[in-house]
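Here the structure comes first, spelled out in structure tokens, and everything after it is commentary.
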Protein chains: 2
Amino acid sequence: MSKNGTVSASVIKRLPRYYRFLGELIKQGTERISSRELAALMKLTASQIRQDLNCFGGFGQQGYGYNVEELHTQIGRILGVDRKFSTILIGAGNLGRAIASHINFESRGCLLIGMFDSNPKMTGKAVAGSTVRHTDELEFFCRTHKPEVAVLCIPKDNTQAIAEQLVGLGVKAFWNFSHYDLSVDHENIVVENVHLGDSLLTLTYRVNHLLHSDDEQEQKDKTE
Amino acid sequence: MSKNGTVSASVIKRLPRYYRFLGELIKQGTERISSRELAALMKLTASQIRQDLNCFGGFGQQGYGYNVEELHTQIGRILGVDRKFSTILIGAGNLGRAIASHINFESRGCLLIGMFDSNPKMTGKAVAGSTVRHTDELEFFCRTHKPEVAVLCIPKDNTQAIAEQLVGLGVKAFWNFSHYDLSVDHENIVVENVHLGDSLLTLTYRVNHLLHSDDEQEQKDKTE
DNA sequence: ATGTAATTGTCAAAAAATTATCAGGCACAC
DNA sequence: GTGTGCCTGATAATTTTTTGACAATTACAT
């Protein structure tokens, strides 16, 4: 369905945002929109939107623009929201539980079918509609349910080992929240490292440099 | 201190990762490292590392490489980890509490001095060393403590209004976790939108397309 | 001391991403 | 139906980012 086998990562990264904005437009009852209007809304250029969408096909119509609902559906298909990848979450600590309850996995093509934690005190607790199992059960569970996606909310020291184990059990993709850059040697394994700390640091950088932005001549000791 | 007033966003985004890897190297007792070695470790090119670092100054030495500890310190200074921006967190739900306890704010130049929630049931609860206050106290608290950074873990409907209020109270930067693209008109306001859902969607996309990767000719109905 | 191997910082080249431009085509008014 | 204005898709131009190349410099062994 794609025009060209390879779509650049930059484009892919923008797709979810398009999808989100289009969803909002539907809620607001907007039927059609031009690339110019959408660009104004999303603070992009119309050119970029048209170019991005044309990586996947011509969804618009000259003199009309894009049908919001159709475009939303198409991007959804491209992203794979209609899929239901079986997903497990490892590490039911603060972060793991928050992710489980805060993220709507289903609307993003994933189905959370199990949560695991090595702490026996967690075992049996109900979180976001499922019950936390002990990691001892992980292997059996995977052999039975064949999850394709794993969310990792575990300390960095265990991450690599657990990931390798899960690859052995057929897991194809990792959404990794541990403070560790996971990289799996095996081919055809997808890894999405989320580094919230890095995100905060870039914020800090920007706040830091905003203050001395235009006048950047050693005006120190004033704020320290 | 910077060689050139403007450093591109691409470079800034990589700085925290350099900082992280250098911190690990220090832990492991590595004293010096060449761009080539660091590149191998981080899966980058040596050229890129040298070019990135040279945006800020020449931290290396020919024939020797970079002193790990010094480089770590320098990048830390550039990022601003020595700063202690007063930070508040709004929304002590699942996600807010997880962020508060999971992220080490101090090591990233921020100091979490208060948490707020509109739900009276949350008020008084202790999270990550501080006590959750009711949002009624927010204004008074801000006038007293002058926080510069706000972490937003609130529903998307309130986000824009709360942000505007906080800007009025002197907040300069937002780390926004609500499912909403916050953008503040005022100049000199920093916004870092974190969209975990978007991150998951790109994972879904990649898993989805990994399966039909090289052979992408309409082999449908097989997996559906 | 001297030579060799290693490594940076810088500049140039290449690649990638973004933006501008425009012909062609469609919607819509009349 | 016809004309006008709008909008897409495609292509070209521009900008940005990444990679490659190399002279200059340093460490280190002998």
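Scheme for the structure tokens: letters A, B, ... for chains in order shown; per-chain residue numbers from 1; ligand numbers from 1 in order shown.
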Between chain C and chain A, at 12 Å or less, what are the per-residue closest atom pairs and their distances in Å? Count only C-alpha atoms (C1' of nucleotides), order by chain and rising residue number, and return it as a Markdown table.
```
| residue | atom | partner | partner_atom | distance |
| --- | --- | --- | --- | --- |
| C:DA16 | C1' | A:Ser8 | CA | 9.2 |
| C:DA17 | C1' | A:Ser10 | CA | 8.3 |
| C:DT18 | C1' | A:Gln48 | CA | 7.0 |
| C:DT19 | C1' | A:Ser47 | CA | 6.7 |
| C:DA20 | C1' | A:Ser47 | CA | 8.2 |
| C:DT21 | C1' | A:Ser47 | CA | 10.5 |
| C:DG24 | C1' | A:Gln62 | CA | 9.1 |
| C:DG25 | C1' | A:Gln62 | CA | 6.2 |
| C:DC26 | C1' | A:Gly63 | CA | 5.0 |
| C:DA27 | C1' | A:Gly63 | CA | 5.8 |
| C:DC28 | C1' | A:Gly63 | CA | 9.5 |
```
9 Å contacts from chain D to chain B using only C-alpha atoms (C1' of nucleotides), as a VMD selection string: chain D and resid 17 to 20 24 to 27
Write to file, as a short mmCIF file (atom, residue, chain, number, x, y, z; two decimals), in the first residue's frame, the residues of the selection just made, with N, CA and C atoms (P, O5', C5', C4', C3', O3' and C1' of nucleotides).
```
data_model
loop_
_atom_site.label_atom_id
_atom_site.label_comp_id
_atom_site.auth_asym_id
_atom_site.auth_seq_id
_atom_site.Cartn_x
_atom_site.Cartn_y
_atom_site.Cartn_z
P DT D 17 19.44 21.10 11.77
"O5'" DT D 17 20.08 19.72 11.29
"C5'" DT D 17 19.23 18.74 10.71
"C4'" DT D 17 20.08 17.59 10.23
"C3'" DT D 17 21.13 17.12 11.24
"O3'" DT D 17 20.89 15.75 11.47
"C1'" DT D 17 22.09 17.40 9.08
P DT D 18 21.78 14.91 12.49
"O5'" DT D 18 22.76 14.14 11.49
"C5'" DT D 18 22.20 13.39 10.43
"C4'" DT D 18 23.31 12.94 9.51
"C3'" DT D 18 24.46 12.20 10.21
"O3'" DT D 18 24.54 10.92 9.63
"C1'" DT D 18 25.27 13.85 8.69
P DT D 19 25.59 9.83 10.18
"O5'" DT D 19 26.79 9.98 9.15
"C5'" DT D 19 26.52 9.82 7.75
"C4'" DT D 19 27.74 10.20 6.96
"C3'" DT D 19 29.03 9.51 7.39
"O3'" DT D 19 29.49 8.77 6.28
"C1'" DT D 19 29.37 11.83 7.06
P DG D 20 30.86 7.93 6.38
"O5'" DG D 20 31.92 8.87 5.68
"C5'" DG D 20 31.63 9.38 4.37
"C4'" DG D 20 32.78 10.26 3.91
"C3'" DG D 20 34.18 9.67 4.15
"O3'" DG D 20 34.94 9.89 2.96
"C1'" DG D 20 34.03 11.82 5.15
P DA D 24 49.12 21.58 8.34
"O5'" DA D 24 48.72 21.38 9.86
"C5'" DA D 24 47.56 22.03 10.38
"C4'" DA D 24 47.44 21.69 11.85
"C3'" DA D 24 48.74 21.82 12.64
"O3'" DA D 24 48.45 22.42 13.88
"C1'" DA D 24 47.91 19.62 12.85
P DT D 25 49.61 22.76 14.91
"O5'" DT D 25 49.40 21.59 15.97
"C5'" DT D 25 48.14 21.42 16.59
"C4'" DT D 25 48.17 20.16 17.43
"C3'" DT D 25 49.37 20.06 18.37
"O3'" DT D 25 48.87 19.89 19.68
"C1'" DT D 25 49.03 18.04 17.22
P DT D 26 49.75 20.23 20.95
"O5'" DT D 26 49.77 18.84 21.71
"C5'" DT D 26 48.55 18.17 21.98
"C4'" DT D 26 48.80 16.69 22.08
"C3'" DT D 26 49.93 16.28 23.02
"O3'" DT D 26 49.38 15.70 24.19
"C1'" DT D 26 49.88 14.98 21.02
P DA D 27 50.28 15.13 25.35
"O5'" DA D 27 50.24 13.59 24.95
"C5'" DA D 27 49.00 12.89 24.94
"C4'" DA D 27 49.25 11.43 24.67
"C3'" DA D 27 50.19 10.75 25.67
"O3'" DA D 27 49.69 9.46 25.94
"C1'" DA D 27 51.12 10.63 23.48
#
```
Which residues in chain A does DSSP call strand (DSSP E)? List them as a ChimeraX atom specification. /A:32-33,60-61,65-67,85-90,110-117,126-127,130-134,149-152,173-176,190-193
Residues of chain B near chain A: apply a cut-off of 7 Å, count only C-alpha atoms, and supply the list as a list of chain:residue names. B:Ile12, B:Lys13, B:Pro16, B:Arg17, B:Leu79, B:Gly80, B:Asn94, B:Leu95, B:Ala98, B:His102, B:Ile103, B:Arg108, B:Gly109, B:Ala173, B:Asn188, B:Val190, B:Glu192, B:Gly197, B:Asp198, B:Leu200, B:Leu201, B:Thr202, B:Leu203, B:Thr204, B:Tyr205, B:Arg206, B:Val207, B:Asn208, B:Leu210
Those residues you just picked out, can you put them in a file as a CSV table (one decimal), in the first residue's frame with N, CA and C atoms?
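Listing of selection39.csv after writing:
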```
chain,number,residue,atom,x,y,z
B,12,ILE,N,21.1,19.4,20.6
B,12,ILE,CA,20.7,19.5,21.9
B,12,ILE,C,20.0,18.2,22.4
B,13,LYS,N,19.2,17.7,21.5
B,13,LYS,CA,18.5,16.4,21.8
B,13,LYS,C,19.5,15.3,22.1
B,16,PRO,N,21.8,15.0,26.3
B,16,PRO,CA,21.5,14.1,27.5
B,16,PRO,C,22.0,12.7,27.3
B,17,ARG,N,21.9,12.2,26.1
B,17,ARG,CA,22.4,10.8,25.9
B,17,ARG,C,23.9,10.7,26.1
B,79,LEU,N,24.2,21.6,30.0
B,79,LEU,CA,22.8,21.3,30.1
B,79,LEU,C,22.2,22.1,31.3
B,80,GLY,N,23.0,22.4,32.3
B,80,GLY,CA,22.5,23.1,33.4
B,80,GLY,C,22.1,22.3,34.6
B,94,ASN,N,-2.2,8.8,39.0
B,94,ASN,CA,-1.2,7.7,38.7
B,94,ASN,C,0.1,8.2,38.1
B,95,LEU,N,-0.1,8.9,37.0
B,95,LEU,CA,1.1,9.3,36.3
B,95,LEU,C,1.9,10.3,37.0
B,98,ALA,N,3.8,8.8,39.7
B,98,ALA,CA,4.9,7.9,39.2
B,98,ALA,C,6.1,8.8,38.7
B,102,HIS,N,9.7,8.6,40.2
B,102,HIS,CA,10.6,7.8,39.3
B,102,HIS,C,11.7,8.7,38.7
B,103,ILE,N,11.5,10.0,38.6
B,103,ILE,CA,12.4,10.9,38.0
B,103,ILE,C,13.3,11.6,39.1
B,108,ARG,N,18.9,16.7,37.4
B,108,ARG,CA,18.6,17.2,36.1
B,108,ARG,C,18.3,18.7,36.2
B,109,GLY,N,18.8,19.3,37.2
B,109,GLY,CA,18.7,20.8,37.4
B,109,GLY,C,17.4,21.3,37.9
B,173,ALA,N,8.6,27.4,32.3
B,173,ALA,CA,8.8,26.2,31.5
B,173,ALA,C,7.8,25.1,31.9
B,188,ASN,N,9.6,33.5,25.3
B,188,ASN,CA,10.4,33.1,26.5
B,188,ASN,C,9.8,32.1,27.4
B,190,VAL,N,9.2,28.0,27.7
B,190,VAL,CA,9.7,26.8,27.2
B,190,VAL,C,8.6,25.7,27.4
B,192,GLU,N,7.9,21.6,26.8
B,192,GLU,CA,8.4,20.2,26.3
B,192,GLU,C,7.2,19.3,26.4
B,197,GLY,N,1.7,8.3,24.2
B,197,GLY,CA,0.9,7.6,23.3
B,197,GLY,C,1.5,7.6,21.9
B,198,ASP,N,2.0,8.7,21.5
B,198,ASP,CA,2.7,8.8,20.2
B,198,ASP,C,3.8,7.9,20.1
B,200,LEU,N,4.2,5.1,21.7
B,200,LEU,CA,3.7,3.7,21.5
B,200,LEU,C,3.2,3.5,20.0
B,201,LEU,N,2.6,4.5,19.5
B,201,LEU,CA,2.1,4.4,18.1
B,201,LEU,C,3.2,4.1,17.1
B,202,THR,N,4.3,4.8,17.3
B,202,THR,CA,5.4,4.6,16.4
B,202,THR,C,5.9,3.2,16.5
B,203,LEU,N,5.9,2.7,17.8
B,203,LEU,CA,6.3,1.3,18.0
B,203,LEU,C,5.4,0.4,17.2
B,204,THR,N,4.1,0.6,17.3
B,204,THR,CA,3.1,-0.2,16.6
B,204,THR,C,3.3,-0.2,15.1
B,205,TYR,N,3.6,1.0,14.6
B,205,TYR,CA,3.9,1.2,13.2
B,205,TYR,C,5.0,0.2,12.8
B,206,ARG,N,6.1,0.3,13.6
B,206,ARG,CA,7.3,-0.4,13.2
B,206,ARG,C,7.1,-1.9,13.3
B,207,VAL,N,6.4,-2.4,14.4
B,207,VAL,CA,6.1,-3.8,14.5
B,207,VAL,C,5.3,-4.2,13.3
B,208,ASN,N,4.3,-3.4,13.0
B,208,ASN,CA,3.4,-3.7,11.9
B,208,ASN,C,4.1,-3.8,10.6
B,210,LEU,N,7.4,-4.2,10.2
B,210,LEU,CA,8.5,-5.1,10.2
B,210,LEU,C,8.2,-6.5,9.6
```
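Rounded to one decimal, CA of Gly114 (chain A) and CA of Ile88 (chain A) lie 4.8 Å from each other.
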Region 125-222 of chain A: which residues are helix (DSSP H, G or I) by DSSP, as a VMD selection string? chain A and resid 135 to 145 156 to 168 196 to 211
Any chance you could export the current selection's N, CA and C atoms as a short mmCIF file (atom, residue, chain, number, x, y, z; two decimals), in the first residue's frame?
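result.cif was written with the following content:
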```cif
data_model
loop_
_atom_site.label_atom_id
_atom_site.label_comp_id
_atom_site.auth_asym_id
_atom_site.auth_seq_id
_atom_site.Cartn_x
_atom_site.Cartn_y
_atom_site.Cartn_z
N THR A 135 7.01 -12.87 38.25
CA THR A 135 7.84 -13.10 37.06
C THR A 135 8.17 -14.58 36.85
N ASP A 136 8.03 -15.36 37.91
CA ASP A 136 8.24 -16.80 37.74
C ASP A 136 7.31 -17.39 36.69
N GLU A 137 6.16 -16.78 36.56
CA GLU A 137 5.17 -17.29 35.62
C GLU A 137 5.39 -16.79 34.21
N LEU A 138 6.36 -15.88 34.06
CA LEU A 138 6.54 -15.19 32.77
C LEU A 138 6.74 -16.16 31.61
N GLU A 139 7.65 -17.11 31.83
CA GLU A 139 7.98 -18.01 30.73
C GLU A 139 6.77 -18.84 30.29
N PHE A 140 6.11 -19.43 31.28
CA PHE A 140 4.93 -20.24 30.95
C PHE A 140 3.88 -19.39 30.24
N PHE A 141 3.67 -18.19 30.79
CA PHE A 141 2.67 -17.30 30.21
C PHE A 141 2.98 -16.99 28.75
N CYS A 142 4.26 -16.73 28.47
CA CYS A 142 4.63 -16.37 27.11
C CYS A 142 4.45 -17.56 26.15
N ARG A 143 4.81 -18.73 26.63
CA ARG A 143 4.63 -19.91 25.78
C ARG A 143 3.15 -20.13 25.46
N THR A 144 2.33 -19.79 26.42
CA THR A 144 0.89 -19.98 26.22
C THR A 144 0.26 -18.88 25.37
N HIS A 145 0.59 -17.63 25.72
CA HIS A 145 -0.14 -16.51 25.10
C HIS A 145 0.61 -15.81 23.98
N LYS A 156 17.50 -0.68 35.36
CA LYS A 156 18.33 -0.83 34.17
C LYS A 156 19.22 -2.07 34.20
N ASP A 157 19.57 -2.52 35.40
CA ASP A 157 20.49 -3.66 35.47
C ASP A 157 19.89 -4.93 34.89
N ASN A 158 18.57 -5.10 35.05
CA ASN A 158 17.93 -6.32 34.56
C ASN A 158 17.50 -6.22 33.11
N THR A 159 17.44 -5.03 32.60
CA THR A 159 16.74 -4.81 31.34
C THR A 159 17.26 -5.67 30.20
N GLN A 160 18.57 -5.64 29.99
CA GLN A 160 19.12 -6.38 28.86
C GLN A 160 18.81 -7.87 28.96
N ALA A 161 19.01 -8.42 30.15
CA ALA A 161 18.79 -9.86 30.35
C ALA A 161 17.33 -10.24 30.12
N ILE A 162 16.43 -9.49 30.70
CA ILE A 162 15.00 -9.77 30.53
C ILE A 162 14.62 -9.67 29.06
N ALA A 163 15.13 -8.66 28.39
CA ALA A 163 14.80 -8.47 26.99
C ALA A 163 15.26 -9.67 26.16
N GLU A 164 16.49 -10.12 26.43
CA GLU A 164 17.01 -11.27 25.68
C GLU A 164 16.12 -12.50 25.93
N GLN A 165 15.76 -12.68 27.19
CA GLN A 165 14.89 -13.81 27.52
C GLN A 165 13.59 -13.72 26.73
N LEU A 166 13.01 -12.54 26.71
CA LEU A 166 11.73 -12.37 26.02
C LEU A 166 11.86 -12.56 24.52
N VAL A 167 13.00 -12.13 23.96
CA VAL A 167 13.22 -12.38 22.54
C VAL A 167 13.19 -13.88 22.28
N GLY A 168 13.83 -14.61 23.19
CA GLY A 168 13.81 -16.07 23.07
C GLY A 168 12.41 -16.65 23.14
N LEU A 196 12.61 9.51 29.77
CA LEU A 196 11.96 10.69 30.34
C LEU A 196 12.99 11.64 30.93
N GLY A 197 14.03 11.09 31.52
CA GLY A 197 15.07 11.93 32.08
C GLY A 197 15.73 12.80 31.02
N ASP A 198 15.97 12.25 29.87
CA ASP A 198 16.57 13.03 28.78
C ASP A 198 15.65 14.16 28.36
N SER A 199 14.37 13.85 28.36
CA SER A 199 13.40 14.86 27.99
C SER A 199 13.45 16.03 28.97
N LEU A 200 13.51 15.71 30.25
CA LEU A 200 13.60 16.77 31.26
C LEU A 200 14.90 17.57 31.11
N LEU A 201 15.96 16.87 30.78
CA LEU A 201 17.24 17.57 30.63
C LEU A 201 17.23 18.57 29.48
N THR A 202 16.58 18.22 28.40
CA THR A 202 16.52 19.18 27.30
C THR A 202 15.68 20.39 27.71
N LEU A 203 14.68 20.12 28.53
CA LEU A 203 13.90 21.25 29.07
C LEU A 203 14.80 22.15 29.91
N THR A 204 15.55 21.53 30.79
CA THR A 204 16.48 22.29 31.64
C THR A 204 17.43 23.11 30.78
N TYR A 205 17.99 22.47 29.77
CA TYR A 205 18.89 23.20 28.87
C TYR A 205 18.21 24.44 28.32
N ARG A 206 17.01 24.25 27.85
CA ARG A 206 16.33 25.36 27.19
C ARG A 206 15.98 26.48 28.17
N VAL A 207 15.52 26.12 29.36
CA VAL A 207 15.23 27.16 30.35
C VAL A 207 16.51 27.90 30.67
N ASN A 208 17.54 27.14 30.86
CA ASN A 208 18.84 27.67 31.19
C ASN A 208 19.32 28.67 30.16
N HIS A 209 19.17 28.34 28.90
CA HIS A 209 19.71 29.18 27.83
C HIS A 209 18.73 30.22 27.35
N LEU A 210 17.48 30.06 27.76
CA LEU A 210 16.48 31.06 27.41
C LEU A 210 16.82 32.38 28.08
N LEU A 211 17.21 32.30 29.33
CA LEU A 211 17.48 33.49 30.13
C LEU A 211 18.61 34.33 29.55
#
```
